[in-house]
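K.L.:
Following this line is final-v4.txt, made up of compact mmCIF, C-alpha atoms and all ligand atoms:
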```txt
# COMPACT_ATOMS: atom_id res chain seq x y z
CA MET T 211 76.16 -58.49 25.56
CA HIS T 212 73.46 -60.86 26.76
CA ILE T 213 70.74 -58.70 28.37
CA GLY T 214 67.55 -59.61 30.22
CA PHE T 215 64.45 -57.43 29.71
CA ILE T 216 61.31 -57.57 31.85
CA GLY T 217 58.25 -55.49 30.92
CA LEU T 218 57.51 -55.20 27.20
CA GLY T 219 54.76 -52.56 27.25
CA ASN T 220 54.44 -49.27 25.39
CA MET T 221 57.94 -48.22 26.47
CA GLY T 222 59.71 -51.52 27.14
CA ALA T 223 58.98 -53.14 23.76
CA PRO T 224 60.56 -50.40 21.61
CA MET T 225 63.47 -50.06 24.07
CA ALA T 226 64.13 -53.81 23.85
CA ARG T 227 63.96 -53.63 20.04
CA ASN T 228 66.67 -50.97 20.06
CA LEU T 229 68.90 -53.27 22.14
CA LEU T 230 68.39 -56.01 19.53
CA LYS T 231 69.15 -53.52 16.73
CA ALA T 232 72.40 -52.61 18.50
CA GLY T 233 73.43 -56.28 18.29
CA HIS T 234 72.75 -57.41 21.87
CA ARG T 235 71.28 -60.82 22.72
CA LEU T 236 68.04 -60.57 24.65
CA SER T 237 66.11 -62.83 27.06
CA ALA T 238 62.75 -61.17 27.61
CA CYS T 239 59.53 -61.67 29.53
CA ASP T 240 56.18 -59.98 30.13
CA LEU T 241 52.84 -61.04 31.59
CA SER T 242 51.51 -60.67 28.04
CA ALA T 243 52.44 -63.72 25.95
CA ALA T 244 51.65 -61.69 22.82
CA ALA T 245 54.22 -59.04 23.78
CA VAL T 246 56.86 -61.72 24.33
CA ALA T 247 55.99 -63.46 21.05
CA ALA T 248 56.29 -60.17 19.13
CA LEU T 249 59.79 -59.58 20.52
CA ALA T 250 60.79 -63.20 19.93
CA GLU T 251 59.92 -62.66 16.27
CA ALA T 252 62.39 -59.78 16.28
CA GLY T 253 65.10 -62.11 17.60
CA ALA T 254 64.80 -62.25 21.42
CA SER T 255 64.68 -65.46 23.46
CA ALA T 256 61.25 -65.80 25.08
CA CYS T 257 61.13 -66.33 28.85
CA ASP T 258 57.95 -67.12 30.79
CA SER T 259 58.90 -65.38 34.07
CA PRO T 260 61.40 -63.01 35.68
CA ALA T 261 63.02 -66.11 37.24
CA ALA T 262 63.61 -67.53 33.75
CA VAL T 263 65.27 -64.26 32.74
CA ALA T 264 67.44 -64.52 35.88
CA HIS T 265 68.42 -68.07 34.89
CA SER T 266 69.51 -66.98 31.41
CA GLU T 267 73.11 -65.96 30.66
CA ALA T 268 72.18 -62.26 30.99
CA LYS T 269 74.89 -60.13 32.59
CA LEU T 270 72.56 -57.17 32.92
CA ILE T 271 68.79 -57.05 33.40
CA VAL T 272 66.52 -54.09 32.56
CA THR T 273 63.01 -53.78 34.00
CA MET T 274 60.33 -51.44 32.60
CA LEU T 275 57.21 -51.92 34.71
CA PRO T 276 54.09 -49.85 35.45
CA ALA T 277 54.57 -48.83 39.11
CA ALA T 278 56.38 -49.51 42.41
CA ALA T 279 54.10 -52.44 43.34
CA HIS T 280 55.11 -54.28 40.15
CA VAL T 281 58.79 -53.44 40.67
CA LYS T 282 58.70 -54.78 44.23
CA ALA T 283 56.85 -57.93 43.11
CA VAL T 284 59.35 -58.62 40.32
CA TYR T 285 62.49 -57.95 42.44
CA LEU T 286 61.47 -58.85 46.00
CA GLY T 287 58.53 -61.24 45.54
CA GLU T 288 58.61 -64.97 46.10
CA GLY T 289 60.50 -66.53 43.18
CA GLY T 290 61.41 -62.99 42.09
CA LEU T 291 64.62 -61.68 40.54
CA LEU T 292 66.68 -61.28 43.71
CA GLU T 293 65.95 -64.85 44.81
CA GLN T 294 67.03 -66.22 41.44
CA VAL T 295 69.67 -63.98 39.89
CA ARG T 296 73.43 -64.66 40.10
CA PRO T 297 75.35 -62.17 42.27
CA GLY T 298 77.19 -59.61 40.15
CA VAL T 299 74.51 -59.25 37.47
CA LEU T 300 73.79 -55.52 37.04
CA LEU T 301 70.12 -54.62 37.57
CA ILE T 302 68.59 -51.50 35.98
CA ASP T 303 65.05 -50.41 36.75
CA SER T 304 63.75 -47.87 34.22
CA SER T 305 60.18 -47.77 35.58
CA THR T 306 59.00 -44.48 37.09
CA ILE T 307 58.51 -45.10 40.82
CA ASP T 308 58.94 -43.13 44.06
CA PRO T 309 62.56 -42.56 45.14
CA LEU T 310 62.20 -44.31 48.51
CA SER T 311 60.90 -47.52 46.91
CA ALA T 312 63.80 -47.34 44.44
CA ARG T 313 66.25 -47.04 47.35
CA GLU T 314 64.59 -49.95 49.18
CA VAL T 315 64.88 -52.27 46.17
CA ALA T 316 68.47 -51.13 45.45
CA ALA T 317 69.49 -51.84 49.07
CA ALA T 318 67.98 -55.34 48.86
CA ALA T 319 69.82 -55.94 45.58
CA ARG T 320 73.12 -54.76 47.08
CA ALA T 321 72.60 -57.09 50.06
CA HIS T 322 72.23 -59.93 47.55
CA GLY T 323 75.46 -58.95 45.78
CA ASN T 324 73.83 -57.26 42.79
CA PRO T 325 74.63 -53.67 41.85
CA MET T 326 71.50 -51.75 40.91
CA LEU T 327 70.68 -48.50 39.14
CA ASP T 328 67.38 -46.62 38.96
CA ALA T 329 67.19 -45.18 35.45
CA PRO T 330 63.75 -43.67 34.72
CA VAL T 331 63.29 -42.05 31.33
CA SER T 332 61.69 -39.08 29.66
CA GLY T 333 60.89 -38.82 25.99
CA GLY T 334 57.74 -40.94 25.83
CA THR T 335 56.92 -43.69 23.37
CA ALA T 336 58.26 -41.65 20.45
CA GLY T 337 61.63 -41.30 22.20
CA ALA T 338 61.60 -45.00 23.07
CA ALA T 339 61.03 -45.92 19.42
CA ALA T 340 63.63 -43.46 18.13
CA GLY T 341 66.24 -44.46 20.73
CA SER T 342 66.40 -40.85 21.87
CA LEU T 343 65.27 -41.17 25.51
CA THR T 344 66.78 -39.23 28.37
CA PHE T 345 67.93 -41.53 31.20
CA MET T 346 68.15 -40.08 34.71
CA VAL T 347 70.35 -42.51 36.59
CA GLY T 348 70.88 -43.10 40.31
CA GLY T 349 73.53 -45.45 41.71
CA ALA T 350 77.28 -45.93 42.09
CA ALA T 351 79.51 -44.18 39.53
CA GLU T 352 81.23 -47.42 38.43
CA ASP T 353 77.86 -49.12 37.83
CA PHE T 354 76.73 -46.08 35.84
CA GLU T 355 79.83 -46.38 33.63
CA ARG T 356 79.12 -50.10 33.12
CA ALA T 357 75.52 -49.34 32.11
CA ARG T 358 76.21 -46.29 29.95
CA PRO T 359 76.92 -48.10 26.62
CA ILE T 360 73.78 -50.21 27.03
CA LEU T 361 71.62 -47.19 27.86
CA ALA T 362 73.17 -45.38 24.87
CA ALA T 363 71.50 -47.96 22.59
CA MET T 364 68.12 -46.73 23.89
CA GLY T 365 68.74 -43.07 24.65
CA LYS T 366 70.70 -39.97 23.68
CA ASN T 367 71.01 -38.08 26.96
CA ILE T 368 72.30 -40.19 29.85
CA VAL T 369 72.76 -38.32 33.12
CA HIS T 370 74.25 -39.60 36.36
CA CYS T 371 72.15 -37.91 39.07
CA GLY T 372 73.95 -39.32 42.13
CA ASP T 373 73.35 -42.24 44.48
CA ALA T 374 70.54 -44.81 44.39
CA GLY T 375 67.11 -43.22 44.04
CA ASN T 376 68.38 -39.94 42.61
CA GLY T 377 67.32 -40.83 39.07
CA GLN T 378 63.77 -41.05 40.39
CA VAL T 379 64.26 -37.79 42.32
CA ALA T 380 65.21 -36.01 39.08
CA LYS T 381 62.27 -37.53 37.20
CA VAL T 382 59.75 -36.66 39.93
CA ALA T 383 61.03 -33.07 40.28
CA ASN T 384 61.01 -32.48 36.52
CA ASN T 385 57.49 -33.83 36.02
CA LEU T 386 56.21 -31.90 39.05
CA LEU T 387 57.38 -28.71 37.35
CA LEU T 388 56.07 -29.85 33.96
CA GLY T 389 52.56 -30.48 35.33
CA ILE T 390 52.47 -27.13 37.11
CA SER T 391 53.89 -25.19 34.14
CA MET T 392 51.42 -26.79 31.71
CA ILE T 393 48.52 -25.69 33.89
CA GLY T 394 50.07 -22.21 34.09
CA ALA T 395 50.40 -21.98 30.32
CA ALA T 396 46.82 -23.24 29.87
CA GLU T 397 45.49 -20.69 32.37
CA ALA T 398 47.37 -17.72 30.88
CA MET T 399 46.47 -18.61 27.28
CA SER T 400 42.79 -19.12 28.19
CA LEU T 401 42.61 -15.80 30.04
CA GLY T 402 44.28 -13.88 27.21
CA VAL T 403 41.96 -15.32 24.58
CA ALA T 404 38.87 -14.78 26.79
CA LEU T 405 39.93 -11.12 27.07
CA GLY T 406 39.97 -10.85 23.29
CA MET T 407 43.54 -11.54 22.21
CA ASP T 408 44.61 -13.72 19.31
CA ALA T 409 46.16 -16.94 20.66
CA ARG T 410 49.16 -16.92 18.29
CA VAL T 411 50.00 -13.29 19.01
CA LEU T 412 49.69 -13.89 22.76
CA ALA T 413 51.90 -16.99 22.60
CA GLY T 414 54.46 -15.00 20.59
CA VAL T 415 54.58 -12.30 23.28
CA ILE T 416 54.84 -14.82 26.14
CA ASN T 417 57.53 -16.79 24.31
CA SER T 418 59.71 -13.71 23.95
CA SER T 419 58.95 -12.46 27.47
CA SER T 420 59.43 -13.64 31.02
CA GLY T 421 56.50 -16.10 30.96
CA ARG T 422 58.32 -18.24 28.40
CA CYS T 423 58.60 -21.96 29.25
CA TRP T 424 58.63 -25.32 27.44
CA SER T 425 54.88 -25.76 27.97
CA SER T 426 54.32 -22.49 26.14
CA ASP T 427 57.01 -22.33 23.45
CA THR T 428 57.39 -26.01 22.47
CA TYR T 429 54.14 -27.68 23.54
CA ASN T 430 51.57 -24.87 23.70
CA PRO T 431 48.20 -26.28 24.85
CA PHE T 432 46.05 -23.76 22.90
CA PRO T 433 44.87 -25.18 19.55
CA GLY T 434 46.13 -23.28 16.51
CA VAL T 435 49.28 -21.89 18.13
CA LEU T 436 51.72 -24.64 17.09
CA ASP T 437 51.60 -27.32 14.40
CA ASP T 438 52.67 -30.85 15.19
CA VAL T 439 51.79 -30.84 18.90
CA PRO T 440 48.90 -32.75 20.53
CA ALA T 441 46.83 -29.51 20.70
CA ALA T 442 46.86 -29.49 16.88
CA ARG T 443 45.34 -32.99 16.65
CA GLY T 444 42.65 -33.12 19.33
CA TYR T 445 45.18 -33.93 22.08
CA SER T 446 45.87 -37.41 20.73
CA GLY T 447 49.34 -38.96 21.11
CA GLY T 448 51.89 -37.41 23.44
CA PHE T 449 51.99 -37.94 27.22
CA ARG T 450 48.73 -39.29 28.67
CA CYS T 451 46.88 -37.42 31.44
CA ASP T 452 46.79 -40.55 33.61
CA LEU T 453 50.61 -40.82 33.45
CA MET T 454 50.96 -37.16 34.44
CA LEU T 455 48.53 -37.84 37.30
CA LYS T 456 50.65 -40.83 38.34
CA ASP T 457 53.84 -38.71 38.37
CA LEU T 458 52.20 -35.90 40.37
CA GLY T 459 51.06 -38.55 42.84
CA LEU T 460 54.65 -39.78 43.13
CA ALA T 461 55.81 -36.22 43.83
CA SER T 462 53.17 -35.76 46.54
CA GLU T 463 54.02 -39.10 48.13
CA ALA T 464 57.78 -38.45 48.02
CA ALA T 465 57.18 -34.99 49.51
CA ARG T 466 55.10 -36.48 52.33
CA GLN T 467 57.90 -38.93 53.12
CA VAL T 468 60.39 -36.11 53.73
CA GLY T 469 57.94 -33.54 55.15
CA GLN T 470 58.43 -31.15 52.25
CA PRO T 471 55.44 -29.08 51.05
CA VAL T 472 54.45 -29.30 47.36
CA ILE T 473 51.56 -26.86 47.41
CA LEU T 474 51.22 -26.22 43.69
CA GLY T 475 51.97 -29.88 42.99
CA ALA T 476 49.04 -30.95 45.16
CA LEU T 477 46.77 -28.51 43.34
CA ALA T 478 48.06 -29.75 39.96
CA GLN T 479 47.41 -33.32 41.09
CA GLN T 480 43.82 -32.44 41.99
CA LEU T 481 43.24 -30.71 38.63
CA TYR T 482 44.51 -33.77 36.74
CA GLN T 483 42.48 -36.03 39.06
CA THR T 484 39.36 -34.02 38.16
CA PHE T 485 40.11 -34.16 34.44
CA VAL T 486 40.95 -37.88 34.44
CA GLY T 487 37.77 -38.47 36.46
CA GLN T 488 35.83 -36.85 33.62
CA GLY T 489 37.06 -39.63 31.34
CA HIS T 490 40.00 -37.85 29.68
CA GLU T 491 42.74 -40.18 30.92
CA ALA T 492 43.98 -41.10 27.44
CA LEU T 493 44.31 -37.50 26.17
CA ASP T 494 47.68 -35.76 26.11
CA PHE T 495 48.36 -33.83 29.33
CA SER T 496 48.15 -30.46 27.52
CA ALA T 497 44.40 -31.15 27.19
CA ILE T 498 44.13 -29.90 30.79
CA ILE T 499 43.36 -26.54 29.10
CA ARG T 500 39.84 -27.88 28.57
CA LEU T 501 39.18 -27.39 32.29
CA TYR T 502 39.32 -23.66 31.57
CA ASN T 503 36.49 -23.71 29.07
CA LYS T 504 32.80 -24.07 29.80
CA ASP T 505 32.17 -26.65 27.08
CA ASN T 506 35.48 -28.47 27.75
CA HIS T 507 36.59 -27.56 24.19
CA PRO T 508 38.86 -24.59 23.64
P1 LIG T 601 52.82 -50.42 30.10
O1 LIG T 601 51.72 -50.67 31.07
O2 LIG T 601 52.53 -50.24 28.65
O3 LIG T 601 53.90 -51.61 30.20
C1 LIG T 601 54.28 -52.27 31.40
C2 LIG T 601 54.49 -53.75 31.07
O4 LIG T 601 54.92 -54.43 32.25
C3 LIG T 601 53.19 -54.45 30.62
O5 LIG T 601 53.40 -55.02 29.33
C4 LIG T 601 52.93 -55.49 31.70
O6 LIG T 601 52.37 -56.69 31.20
C5 LIG T 601 54.35 -55.72 32.23
N1 LIG T 601 54.37 -56.31 33.56
C6 LIG T 601 53.69 -55.93 34.66
N2 LIG T 601 53.98 -56.75 35.70
C7 LIG T 601 54.85 -57.68 35.22
C8 LIG T 601 55.49 -58.82 35.80
N3 LIG T 601 55.28 -59.16 37.07
N4 LIG T 601 56.32 -59.55 35.03
C9 LIG T 601 56.52 -59.22 33.73
N5 LIG T 601 55.94 -58.16 33.12
C10 LIG T 601 55.10 -57.41 33.86
O7 LIG T 601 53.62 -49.15 30.67
P2 LIG T 601 54.62 -48.20 29.85
O8 LIG T 601 53.86 -47.09 29.21
O9 LIG T 601 55.53 -49.05 29.04
O10 LIG T 601 55.43 -47.54 31.07
C11 LIG T 601 56.41 -48.25 31.80
C12 LIG T 601 57.03 -47.30 32.82
O11 LIG T 601 57.62 -46.20 32.15
C13 LIG T 601 56.00 -46.72 33.82
O12 LIG T 601 56.59 -46.66 35.09
C14 LIG T 601 55.73 -45.33 33.26
O13 LIG T 601 55.35 -44.40 34.28
C15 LIG T 601 57.09 -44.97 32.67
N6 LIG T 601 57.04 -44.00 31.57
C16 LIG T 601 56.09 -44.10 30.60
C17 LIG T 601 56.07 -43.17 29.56
C18 LIG T 601 55.04 -43.25 28.44
O14 LIG T 601 54.91 -42.28 27.69
N7 LIG T 601 54.33 -44.37 28.30
C19 LIG T 601 57.03 -42.13 29.52
C20 LIG T 601 58.02 -42.09 30.50
C21 LIG T 601 58.01 -43.03 31.53
```
Produce structure tokens that represent the structure in this file.
P.N.:
Amino acid sequence: MHIGFIGLGNMGAPMARNLLKAGHRLSACDLSAAAVAALAEAGASACDSPAAVAHSEAKLIVTMLPAAAHVKAVYLGEGGLLEQVRPGVLLIDSSTIDPLSAREVAAAARAHGNPMLDAPVSGGTAGAAAGSLTFMVGGAAEDFERARPILAAMGKNIVHCGDAGNGQVAKVANNLLLGISMIGAAEAMSLGVALGMDARVLAGVINSSSGRCWSSDTYNPFPGVLDDVPAARGYSGGFRCDLMLKDLGLASEAARQVGQPVILGALAQQLYQTFVGQGHEALDFSAIIRLYNKDNHP
């Protein structure tokens, strides 16, 4: 199929490469000419704007942009996608944005005659490169079925979460819990070690007891507990603290919009805000454990 792709950053570029590998034709654009040139070398047609992607023969267009402001600019802005694209072209936004913005853009697309899905991902840059992302998809069931084979070229787990915006709801709820549970694991591990226990033994007890969770058994933040996690390599790689802070901000904002309290989420947001403010934005989010140690180094 001929596919348009807008946003060739850390996630978008490897996702677009997997579409090429699966045999699709691609018309792609990004603000970065270098990112477009790199994908053109891999076989994509280079476009200089979202409008140029809209004017290509693409029957489906994927966007992978930093935040809601960029998504609104690309879809709703002057000369943007909705002004230019042919009715009937399926639009898929895989950026992580707040659910209400996703619903607003989807409603505008529908009014223009374009079906739209929100399809945020989890799995990070490694999952994007390996084609093993999880897609959480919101939108009409028939549009989901149309998109599924395309998403399957970029991901392994493709879940229909309900109507427009519900993909973002699933993503926001999951990452809210992930941020909170990582802080919980960091706090419990730090306390246990400060009280004299060996970190590996403590993790073993937690992971076979009722405190067990992904942040403890698969991604433990305490150095020396697990091999091959960011804690074992100075918190490099993985999921950046500033992206976790962004997602906790989305949860707080979405909660405000519906008058729902997110008490622990707000606290988690403030802890990540503090840590990012100390200059640790590029570290993996499990590095939050450093807040529990006087010298910032467990
Ligand atoms: P990124 O900043 O690396 O890439 C975004 C790209 O969009 C950039 O290359 C930028 O030039 C381009 N862009 C911005 N405005 C544009 C416009 N008007 N027209 C064309 N291109 C434009 O971000 P990323 O890490 O690839 O993340 C993309 C989205 O995926 C974000 O919403 C992020 O929250 C989400 N996400 C990221 C990760 C991760 O680990 N990086 C994991 C899951 C979800």
K.L.:
How close does chain T get to ligand LIG 601 (chain T)? List, as a Markdown table, each residue of chain T within 9 Å, its nearest atom pair and the distance in Å to one decimal, counting all atoms listed in the file.
P.N.:
```
| residue | atom | partner | partner_atom | distance |
| --- | --- | --- | --- | --- |
| T:Ile216 | CA | T:LIG601 | C9 | 5.4 |
| T:Gly217 | CA | T:LIG601 | O4 | 3.7 |
| T:Leu218 | CA | T:LIG601 | O5 | 4.6 |
| T:Gly219 | CA | T:LIG601 | O3 | 3.2 |
| T:Asn220 | CA | T:LIG601 | O9 | 3.8 |
| T:Met221 | CA | T:LIG601 | O9 | 3.6 |
| T:Gly222 | CA | T:LIG601 | O9 | 5.2 |
| T:Ala223 | CA | T:LIG601 | O9 | 7.5 |
| T:Ala238 | CA | T:LIG601 | C9 | 8.9 |
| T:Cys239 | CA | T:LIG601 | C9 | 5.7 |
| T:Asp240 | CA | T:LIG601 | N5 | 3.5 |
| T:Leu241 | CA | T:LIG601 | O6 | 4.4 |
| T:Ser242 | CA | T:LIG601 | O6 | 5.2 |
| T:Ala243 | CA | T:LIG601 | O6 | 8.8 |
| T:Ala245 | CA | T:LIG601 | O5 | 6.9 |
| T:Asp258 | CA | T:LIG601 | C9 | 8.5 |
| T:Ser259 | CA | T:LIG601 | N4 | 6.4 |
| T:Pro260 | CA | T:LIG601 | N4 | 6.2 |
| T:Thr273 | CA | T:LIG601 | O4 | 8.3 |
| T:Met274 | CA | T:LIG601 | C11 | 5.1 |
| T:Leu275 | CA | T:LIG601 | O4 | 4.2 |
| T:Pro276 | CA | T:LIG601 | C13 | 4.0 |
| T:Ala277 | CA | T:LIG601 | O12 | 5.0 |
| T:Ala278 | CA | T:LIG601 | O12 | 7.9 |
| T:Ala279 | CA | T:LIG601 | N2 | 8.8 |
| T:His280 | CA | T:LIG601 | N2 | 5.2 |
| T:Val281 | CA | T:LIG601 | N3 | 7.6 |
| T:Ala283 | CA | T:LIG601 | N3 | 6.4 |
| T:Val284 | CA | T:LIG601 | N3 | 5.2 |
| T:Gly290 | CA | T:LIG601 | N3 | 8.8 |
| T:Ser304 | CA | T:LIG601 | O11 | 6.7 |
| T:Ser305 | CA | T:LIG601 | O12 | 3.8 |
| T:Thr306 | CA | T:LIG601 | O12 | 3.8 |
| T:Ile307 | CA | T:LIG601 | O12 | 6.2 |
| T:Pro330 | CA | T:LIG601 | C21 | 6.6 |
| T:Val331 | CA | T:LIG601 | C20 | 5.3 |
| T:Ser332 | CA | T:LIG601 | C20 | 4.8 |
| T:Gly333 | CA | T:LIG601 | C19 | 6.2 |
| T:Gly334 | CA | T:LIG601 | O14 | 3.6 |
| T:Thr335 | CA | T:LIG601 | O14 | 5.0 |
| T:Ala336 | CA | T:LIG601 | O14 | 8.0 |
| T:Gly337 | CA | T:LIG601 | C19 | 8.7 |
| T:Ala338 | CA | T:LIG601 | C19 | 8.4 |
| T:Leu343 | CA | T:LIG601 | C20 | 8.8 |
| T:Lys381 | CA | T:LIG601 | C21 | 9.0 |
| T:Gly448 | CA | T:LIG601 | O14 | 7.1 |
| T:Phe449 | CA | T:LIG601 | O14 | 5.3 |
| T:Arg450 | CA | T:LIG601 | O14 | 6.9 |
| T:Leu453 | CA | T:LIG601 | O13 | 6.0 |
| T:Met454 | CA | T:LIG601 | O13 | 8.5 |
| T:Lys456 | CA | T:LIG601 | O13 | 7.2 |
| T:Asp457 | CA | T:LIG601 | O13 | 7.2 |
```
K.L.:
Which polymer residues, whether protein, DNA or RNA, lie within 10 Å of the coordinate (71.0, -39.7, 38.4) when you count all atoms listed in the file? List them as a list in words, using the chain letters and numbers from the file.
P.N.:
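Residues lying no farther than 10 Å from the given point: Leu327, Asp328, Ala329, Pro330, Phe345, Met346, Val347, Gly348, Gly349, Ala350, Ala351, Phe354, Ile368, Val369, His370, Cys371, Gly372, Asp373, Ala374, Gly375, Asn376, Gly377, Gln378, Val379, Ala380 and Lys381 of chain T.
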K.L.:
Write the residues of the selection above to a file with C-alpha atoms, as a CSV table (one decimal), keeping the file's coordinate frame.
P.N.:
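Result saved to result-v2.csv:
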```csv
chain,number,residue,atom,x,y,z
T,327,LEU,CA,70.7,-48.5,39.1
T,328,ASP,CA,67.4,-46.6,39.0
T,329,ALA,CA,67.2,-45.2,35.4
T,330,PRO,CA,63.8,-43.7,34.7
T,345,PHE,CA,67.9,-41.5,31.2
T,346,MET,CA,68.2,-40.1,34.7
T,347,VAL,CA,70.4,-42.5,36.6
T,348,GLY,CA,70.9,-43.1,40.3
T,349,GLY,CA,73.5,-45.4,41.7
T,350,ALA,CA,77.3,-45.9,42.1
T,351,ALA,CA,79.5,-44.2,39.5
T,354,PHE,CA,76.7,-46.1,35.8
T,368,ILE,CA,72.3,-40.2,29.8
T,369,VAL,CA,72.8,-38.3,33.1
T,370,HIS,CA,74.2,-39.6,36.4
T,371,CYS,CA,72.2,-37.9,39.1
T,372,GLY,CA,74.0,-39.3,42.1
T,373,ASP,CA,73.4,-42.2,44.5
T,374,ALA,CA,70.5,-44.8,44.4
T,375,GLY,CA,67.1,-43.2,44.0
T,376,ASN,CA,68.4,-39.9,42.6
T,377,GLY,CA,67.3,-40.8,39.1
T,378,GLN,CA,63.8,-41.0,40.4
T,379,VAL,CA,64.3,-37.8,42.3
T,380,ALA,CA,65.2,-36.0,39.1
T,381,LYS,CA,62.3,-37.5,37.2
```
K.L.:
Within 6 Å of (74.4, -54.4, 38.9) in the file's own coordinates, which protein, DNA or RNA residues have an atom, counting all atoms listed in the file? List them as a list in words.
P.N.:
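Residues close enough to count: Val299, Leu300, Leu301, Asn324, Pro325 and Met326 of chain T.
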K.L.:
Go ahead and save the picked residues with C-alpha atoms, as a tab-separated table (two decimals), in the frame of the given file.
P.N.:
```tsv
chain	number	residue	atom	x	y	z
T	299	VAL	CA	74.51	-59.25	37.47
T	300	LEU	CA	73.79	-55.52	37.04
T	301	LEU	CA	70.12	-54.62	37.57
T	324	ASN	CA	73.83	-57.26	42.79
T	325	PRO	CA	74.63	-53.67	41.85
T	326	MET	CA	71.50	-51.75	40.91
```
K.L.:
Using all atoms listed in the file, find the one residue out of T:Asp427, T:Asp303, T:Glu251, T:Asp452 that sits nearest to T:Arg227.
P.N.:
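Result for the nearest residue to T:Arg227: T:Glu251.
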K.L.:
One decimal, in Å: what's the spacing between atom CA of T:Ala478 and atom CA of T:Ile390?
P.N.:
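Between atom CA of T:Ala478 and atom CA of T:Ile390 the gap works out to 5.9 Å.
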K.L.:
Which residues come within 10 Å of T:Cys423, counting all atoms listed in the file, excluding same-chain residues fewer than 6 positions away, as a list of chain:residue names?
P.N.:
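Listing them by chain and then by number gives T:Leu388, T:Ser391, T:Met392, T:Gly394, T:Ala395, T:Ile416, T:Asn417, T:Tyr429, T:Asn430.
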K.L.:
Taking all atoms listed in the file into account, name the residue in T:Asp438, T:Asp494, T:Glu463, T:Glu355 that is nearest to T:Tyr482.
P.N.:
T:Asp494
K.L.:
Quick one: everything within 12 Å of T:Asn503, counting all atoms listed in the file, minus sequence neighbours fewer than 4 positions away in the same chain. Send it as an mmCIF file with C-alpha atoms, keeping the file's coordinate frame.
P.N.:
```cif
data_model
loop_
_atom_site.group_PDB
_atom_site.id
_atom_site.type_symbol
_atom_site.label_atom_id
_atom_site.label_comp_id
_atom_site.auth_asym_id
_atom_site.auth_seq_id
_atom_site.Cartn_x
_atom_site.Cartn_y
_atom_site.Cartn_z
ATOM 1 C CA ALA T 396 46.820 -23.240 29.870
ATOM 2 C CA GLU T 397 45.490 -20.690 32.370
ATOM 3 C CA MET T 399 46.470 -18.610 27.280
ATOM 4 C CA SER T 400 42.790 -19.120 28.190
ATOM 5 C CA LEU T 401 42.610 -15.800 30.040
ATOM 6 C CA VAL T 403 41.960 -15.320 24.580
ATOM 7 C CA ALA T 404 38.870 -14.780 26.790
ATOM 8 C CA PHE T 432 46.050 -23.760 22.900
ATOM 9 C CA ALA T 497 44.400 -31.150 27.190
ATOM 10 C CA ILE T 498 44.130 -29.900 30.790
ATOM 11 C CA ILE T 499 43.360 -26.540 29.100
ATOM 12 C CA HIS T 507 36.590 -27.560 24.190
ATOM 13 C CA PRO T 508 38.860 -24.590 23.640
#
```
K.L.:
Can you work out the spacing between atom CA of T:Ala264 and atom CA of T:Ala316 in Å, to one decimal?
P.N.:
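Between these atoms lies a distance of 16.5 Å.
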K.L.:
So what do you get for atom CA of T:Gly253 versus atom CA of T:Leu361, distance-wise?
P.N.:
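Going from atom CA of T:Gly253 over to atom CA of T:Leu361, I get 19.2 Å.
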K.L.:
Excluding T:Asp308 and its own-chain neighbours fewer than 4 positions away, which residues fall within 7 Å of it when counting only C-alpha atoms? Please give them as a tab-separated table (two decimals) with C-alpha atoms, in the coordinates of the input.
P.N.:
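The resulting selection.tsv:
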```tsv
chain	number	residue	atom	x	y	z
T	312	ALA	CA	63.80	-47.34	44.44
T	378	GLN	CA	63.77	-41.05	40.39
T	460	LEU	CA	54.65	-39.78	43.13
T	464	ALA	CA	57.78	-38.45	48.02
```
K.L.:
Name all residues at most 6 Å from T:Ala442 (count only C-alpha atoms; drop same-chain ones fewer than 3 positions away) and give them as a tab-separated table (two decimals) with C-alpha atoms, in the frame of the given file.
P.N.:
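See selection38.tsv below for the written result:
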```
chain	number	residue	atom	x	y	z
T	433	PRO	CA	44.87	-25.18	19.55
T	437	ASP	CA	51.60	-27.32	14.40
T	439	VAL	CA	51.79	-30.84	18.90
```
K.L.:
I'd like the contact shell of T:His212 - 9 Å cut-off, only C-alpha atoms, skipping same-chain residues fewer than 6 positions apart - returned as a ChimeraX atom specification.
P.N.:
/T:234-237,266-271
K.L.:
Ranking T:Glu491, T:Asp408, T:Asp353, T:Glu288 by minimum distance to T:Arg320 and counting all atoms listed in the file, which one comes first?
P.N.:
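Checking each candidate against T:Arg320, we get T:Asp353 as the closest.
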K.L.:
Here is a test: counting all atoms listed in the file, which residue of T:Leu286, T:Leu291, T:Ile360, T:Cys257 is nearest to T:Leu230?
P.N.:
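Between T:Leu286, T:Leu291, T:Ile360, T:Cys257, the residue approaching T:Leu230 most closely is T:Ile360.
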